[in-house]
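A quick write-up on the structure given underneath.
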Amino acid sequence: MRKLIAEVFDPATRYEYELPLPADLVRGLKLDAKSKDLNLGLVDGPVAAVAERRKVYRLLTTDRRHFSAMRVGPRLSQALEVLP
């Protein structure tokens, strides 16, 4: 995990890190409600909301269970690509 964090914050990489906006927290709650079976929680919902807002559908995460099953977008039709 330390190696991954170091890589994310290394200026030579192309990863972006962004804090959620208050609207992302609200959208995260809505995504959680629409995907009750996933039980997204406090972190995963807002992460998906930020991806949706930024139209960035490739996520660097170790949580394949939630993000591989999740859909975002106005019609919840956009899949998220999970890396690595």
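In the structure tokens, chains take the letters A, B, ... in the order shown, each chain's residues start at 1, and ligands count up from 1 in the order shown.
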
Self-check item: Residue contacts of region 41-54 of chain A (10 Å, only C-alpha atoms) excluding same-chain residues fewer than 5 positions away, as JSON, numbers by chain
Solution: {"A": [18, 19, 20, 21, 22, 23, 24, 25, 26, 27, 28, 29, 30, 31, 32, 33, 35, 36, 59, 63, 66, 67, 70, 71, 72, 73, 74, 76, 78, 80]}

Quiz prompt | Atom-to-atom span, CA of Ala6 (chain A) and CA of Ala79 (chain A), Å | solution =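 Value for the CA of Ala6 (chain A)-CA of Ala79 (chain A) distance: 27.0 Å.
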
Quiz prompt | Best match for closeness to Leu40 (chain A) among A:Val82, A:Leu60, A:Ala69, A:Ala12, counting only C-alpha atoms | solution = A:Ala69

Quiz prompt | All strand (DSSP E or B) residues (DSSP, backbone) inside chain A, as number ranges by chain | solution = A: 58-60, 71-72, 78-79, 81-83

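Taking CA of Arg14 (chain A) and CA of Thr61 (chain A) as endpoints, the distance between them is 14.8 Å.
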
Quiz item: Expressed in Å to a single decimal, how great is the separation between CA of Ser68 (chain A) and CA of Glu81 (chain A)?
Solution: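 Atom-to-atom, CA of Ser68 (chain A) to CA of Glu81 (chain A), that is 6.9 Å.
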
Exercise. Please return as an MDAnalysis selection string: the residues of chain A that backbone DSSP assigns to alpha helix (DSSP H).
Key: chainID A and resid 2:8 22:34 41:54 64:69

Now that the selection is made, can you save its residues with C-alpha atoms as a PDB file, in the first residue's frame?
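Writing done, so here's part_9.pdb:
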ATOM      1  CA  ARG A   2       2.854   2.424   0.775  1.00  0.00           C
ATOM      2  CA  LYS A   3       4.300   1.877  -2.688  1.00  0.00           C
ATOM      3  CA  LEU A   4       0.919   2.606  -4.261  1.00  0.00           C
ATOM      4  CA  ILE A   5       0.457   5.829  -2.257  1.00  0.00           C
ATOM      5  CA  ALA A   6       3.977   6.970  -3.141  1.00  0.00           C
ATOM      6  CA  GLU A   7       3.256   6.324  -6.822  1.00  0.00           C
ATOM      7  CA  VAL A   8      -0.030   8.227  -6.745  1.00  0.00           C
ATOM      8  CA  PRO A  22     -20.052  18.529  -0.781  1.00  0.00           C
ATOM      9  CA  ALA A  23     -22.161  17.730  -3.875  1.00  0.00           C
ATOM     10  CA  ASP A  24     -20.113  14.541  -4.339  1.00  0.00           C
ATOM     11  CA  LEU A  25     -21.051  13.424  -0.830  1.00  0.00           C
ATOM     12  CA  VAL A  26     -24.727  13.942  -1.639  1.00  0.00           C
ATOM     13  CA  ARG A  27     -24.375  12.096  -4.971  1.00  0.00           C
ATOM     14  CA  GLY A  28     -22.476   9.320  -3.188  1.00  0.00           C
ATOM     15  CA  LEU A  29     -25.447   8.826  -0.877  1.00  0.00           C
ATOM     16  CA  LYS A  30     -27.749   8.621  -3.901  1.00  0.00           C
ATOM     17  CA  LEU A  31     -25.488   6.073  -5.609  1.00  0.00           C
ATOM     18  CA  ASP A  32     -25.433   4.052  -2.388  1.00  0.00           C
ATOM     19  CA  ALA A  33     -29.237   4.129  -2.223  1.00  0.00           C
ATOM     20  CA  LYS A  34     -29.521   2.958  -5.841  1.00  0.00           C
ATOM     21  CA  GLY A  41     -20.475   3.235   2.543  1.00  0.00           C
ATOM     22  CA  LEU A  42     -18.900   6.597   3.316  1.00  0.00           C
ATOM     23  CA  VAL A  43     -15.851   6.310   1.020  1.00  0.00           C
ATOM     24  CA  ASP A  44     -16.854   4.354  -2.078  1.00  0.00           C
ATOM     25  CA  GLY A  45     -19.983   6.356  -2.898  1.00  0.00           C
ATOM     26  CA  PRO A  46     -18.200   9.732  -3.009  1.00  0.00           C
ATOM     27  CA  VAL A  47     -15.279   8.219  -4.968  1.00  0.00           C
ATOM     28  CA  ALA A  48     -17.737   7.040  -7.609  1.00  0.00           C
ATOM     29  CA  ALA A  49     -19.433  10.458  -7.547  1.00  0.00           C
ATOM     30  CA  VAL A  50     -16.129  12.245  -8.174  1.00  0.00           C
ATOM     31  CA  ALA A  51     -15.412   9.875 -11.071  1.00  0.00           C
ATOM     32  CA  GLU A  52     -18.871  10.544 -12.469  1.00  0.00           C
ATOM     33  CA  ARG A  53     -18.519  14.338 -12.134  1.00  0.00           C
ATOM     34  CA  ARG A  54     -15.083  14.381 -13.720  1.00  0.00           C
ATOM     35  CA  ARG A  64     -12.675  -4.574  -7.007  1.00  0.00           C
ATOM     36  CA  ARG A  65     -15.846  -5.926  -5.383  1.00  0.00           C
ATOM     37  CA  HIS A  66     -17.597  -2.562  -5.184  1.00  0.00           C
ATOM     38  CA  PHE A  67     -16.174  -0.649  -8.115  1.00  0.00           C
ATOM     39  CA  SER A  68     -16.347  -3.465 -10.671  1.00  0.00           C
ATOM     40  CA  ALA A  69     -20.061  -3.874  -9.999  1.00  0.00           C
TER      41      ALA A  69
END
